Structures are given as C-alpha cells and as structure tokens.
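Let me begin by presenting the structure, written as structure tokens, before commenting on it.
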Amino acid sequence: NTDLDAVSLELKNKYLVEDKKFQEAVNNFNMLAAKYKENPFVEKFSLFNAGFVYLKYLNDYKSALEKFNELIIKYSNDDLLAEVKYLLGVMESIPGYGTTQPKLSNGEPKQPYNFELQQNFPNPFNPTTKIHFSIAEEGQYTLRIYNILGQEVKVLFEHYLKSGSYDFNYNASDLASGVYIYQISGENKILSKKMILMR
C-alpha cells in the first residue's frame, strides 16, 4: 500500500528529526515529494517539511527557498501557504530568526563585489554596533565573535548569502567590556577585525 508506505516514512522522519538526524530526514522528505507527485497531500507536506528542516535545522537558506517556491507554484491556493509565507517572511527579516539575518545594504545589487570586511561603527561601542561586509561569491557564510584569546564567544549568524553588500546590527549587551574579534568566513575565505566594547 503506497499510502501506508508514505505514512510509515513520515513517522520515521519524525523520529529522525527528534534524533537530530536532519540530513537523513530531509532526504526522505525529498524522496516522498518526488515519489508521490500524483498524491497532492503527500507531496505538499513533504515539500513543506523539507523546506522547514532545511531552514530551521540545517541553516540551508537556498534549499529551503527552492522547496517553498516549488510549493507556492504547485499549490498556490492551499491553506499551507500562509505558513510558508510566514516562514519566508522570517527568512527575510530574521536576525537568527528575527535578528541574525544580515540585510542587503543596497537596493539593486551591483557587480562585481569583493570579499571585504569593514571596521565596525561606532568603535568603541556600547552596546550596539554595525558590522558591514560584502561577499563576491554566493554561498554559506558565518559571522563569529571571539575574545582576545581566540576563544569563540558567539555565532552571530550562519546563512546562505548571495553576492552583495550587507549590514549586520550587533547588540553585545551580554558581553563584558574588552577587545573582541569579529570574523566573517565562507567559501574557503576568512576575514577578521578587532572591535572594542566599552561600558
């Protein structure tokens, strides 16, 4: 019974997510979506769940967007789209899901961009500052904060970004005064600069 197979795999995926086996779960959701194209109920929920796991657990912005866009195109009048549009809004506006997503600092992207990290402003700061950077090559990027000993203090974001110029507003209210290092890394490139938090 194909429907029973789908239900069985759905149940398995629930446990895979609980066990933090996210890649295996998303592979199964993708397989379900491909296998049950003639079953709208199975296909639409498989696309949604794949997108959700990509977004929430794997930080794979690009793959999540692909799944959600496929869902929007195929099921444009479905009730599930309200949830999809909410998540797409989250993807656009989040910093961390609301506050850690860097914002494109310009309207229309211009080419080409270089991989650059500018000095935060203001600096010294208390407790908020803006970090501006640009990337030449789209891909997965991470912005981290380290203390002066080189120990990681915080991951500010980890997202799939397109080529462009970005601003990230950082609130360091949970850190003590001192010198810190902020570092952007991705696509086998790393840039770092120092900043001073002065209470």
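FYI, nothing fancy with the structure tokens labels: chains A, B, ... in order, residues from 1 per chain, ligands from 1 as they appear.
Summary of the local environment: counting only C-alpha atoms, residues at most 9 Å from Leu71 in chain A, other than itself and those fewer than 3 positions away along its chain, are Glu43, Lys44, Phe45, Leu47, Phe48, Glu66, Lys67, Phe68, Lys74, Tyr75, Ser76, Leu81 and Val84 of chain A.
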Go ahead and dump the residues you just picked, N, CA and C atoms, as a PDB file, in the first residue's frame.
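Wrote out04.pdb, looks like this:
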```pdb
ATOM      1  N   GLU A  43       2.667  15.091  -1.347  1.00  0.00           N
ATOM      2  CA  GLU A  43       3.686  15.933  -1.977  1.00  0.00           C
ATOM      3  C   GLU A  43       3.817  17.287  -1.283  1.00  0.00           C
ATOM      4  N   LYS A  44       2.685  17.940  -1.028  1.00  0.00           N
ATOM      5  CA  LYS A  44       2.772  19.300  -0.475  1.00  0.00           C
ATOM      6  C   LYS A  44       3.355  19.310   0.934  1.00  0.00           C
ATOM      7  N   PHE A  45       2.974  18.323   1.755  1.00  0.00           N
ATOM      8  CA  PHE A  45       3.521  18.296   3.107  1.00  0.00           C
ATOM      9  C   PHE A  45       4.991  17.874   3.115  1.00  0.00           C
ATOM     10  N   LEU A  47       7.149  18.640   0.685  1.00  0.00           N
ATOM     11  CA  LEU A  47       7.877  19.848   0.274  1.00  0.00           C
ATOM     12  C   LEU A  47       7.994  20.827   1.438  1.00  0.00           C
ATOM     13  N   PHE A  48       6.887  21.004   2.148  1.00  0.00           N
ATOM     14  CA  PHE A  48       6.895  21.934   3.286  1.00  0.00           C
ATOM     15  C   PHE A  48       7.869  21.470   4.363  1.00  0.00           C
ATOM     16  N   GLU A  66      14.067  26.957  -2.343  1.00  0.00           N
ATOM     17  CA  GLU A  66      13.687  26.143  -3.502  1.00  0.00           C
ATOM     18  C   GLU A  66      12.436  25.326  -3.206  1.00  0.00           C
ATOM     19  N   LYS A  67      12.391  24.697  -2.026  1.00  0.00           N
ATOM     20  CA  LYS A  67      11.237  23.870  -1.647  1.00  0.00           C
ATOM     21  C   LYS A  67       9.983  24.720  -1.470  1.00  0.00           C
ATOM     22  N   PHE A  68      10.129  25.845  -0.788  1.00  0.00           N
ATOM     23  CA  PHE A  68       8.966  26.708  -0.556  1.00  0.00           C
ATOM     24  C   PHE A  68       8.444  27.296  -1.872  1.00  0.00           C
ATOM     25  N   LYS A  74       3.056  25.140  -7.158  1.00  0.00           N
ATOM     26  CA  LYS A  74       2.163  23.997  -7.385  1.00  0.00           C
ATOM     27  C   LYS A  74       0.857  24.083  -6.614  1.00  0.00           C
ATOM     28  N   TYR A  75       0.891  24.721  -5.451  1.00  0.00           N
ATOM     29  CA  TYR A  75      -0.297  24.736  -4.581  1.00  0.00           C
ATOM     30  C   TYR A  75      -0.620  26.174  -4.170  1.00  0.00           C
ATOM     31  N   SER A  76      -0.838  27.008  -5.181  1.00  0.00           N
ATOM     32  CA  SER A  76      -0.971  28.447  -4.938  1.00  0.00           C
ATOM     33  C   SER A  76      -2.193  28.831  -4.104  1.00  0.00           C
ATOM     34  N   LEU A  81      -0.035  27.634   2.482  1.00  0.00           N
ATOM     35  CA  LEU A  81       0.785  28.761   2.013  1.00  0.00           C
ATOM     36  C   LEU A  81       0.897  29.886   3.035  1.00  0.00           C
ATOM     37  N   VAL A  84       3.856  28.968   4.897  1.00  0.00           N
ATOM     38  CA  VAL A  84       5.030  29.147   4.038  1.00  0.00           C
ATOM     39  C   VAL A  84       5.409  30.626   3.959  1.00  0.00           C
TER      40      VAL A  84
END
```
* To do: Within 10 Å of range 126-136 of chain A, counting only C-alpha atoms, which residues show up once you throw out same-chain ones fewer than 4 positions away? Write them as a PyMOL selection string, please.
  => chain A and resi 102-105+111-122+141+143+161-177+182+184-187+189+191+195-199
Pull the closest atom pair for each residue of range 48-88 of chain A that gets at most 8 Å from range 14-35 of chain A, along with the distance in Å to one decimal, counting only C-alpha atoms, ordering rows by chain and then ascending residue number, as CSV.
```
residue,atom,partner,partner_atom,distance
A:Asn49,CA,A:Phe29,CA,6.8
A:Ala50,CA,A:Val26,CA,5.1
A:Val53,CA,A:Val26,CA,6.5
A:Tyr54,CA,A:Val26,CA,7.3
A:Tyr57,CA,A:Phe22,CA,6.8
A:Leu58,CA,A:Phe22,CA,7.1
```
* Looking at only C-alpha atoms, which of A:Phe41, A:Tyr160, A:Tyr146, A:Tyr36 is the one that sits closest to Asp78 in chain A? ->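 Once distances to Asp78 in chain A are computed over only C-alpha atoms, the minimum belongs to A:Phe41.
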* If you run DSSP on the backbone, which residues of chain A are strand (DSSP E), as number ranges by chain? -> A: 103-104, 116-117, 128-135, 139-147, 152-161, 164-171, 178-186, 189-197
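When CA of Val179 in chain A is paired with CA of Val153 in chain A, their separation reads 12.0 Å.
Across the structure, CA of Asp60 in chain A and CA of Lys194 in chain A are spaced 28.6 Å apart.
Here CA of Asn13 in chain A stands at a distance of 19.5 Å from CA of Leu80 in chain A.
For the set A:Leu87, A:Glu152, A:Ile181, A:Ala6, the residue with the smallest atom-to-atom gap to Lys56 in chain A is A:Leu87, counting only C-alpha atoms.
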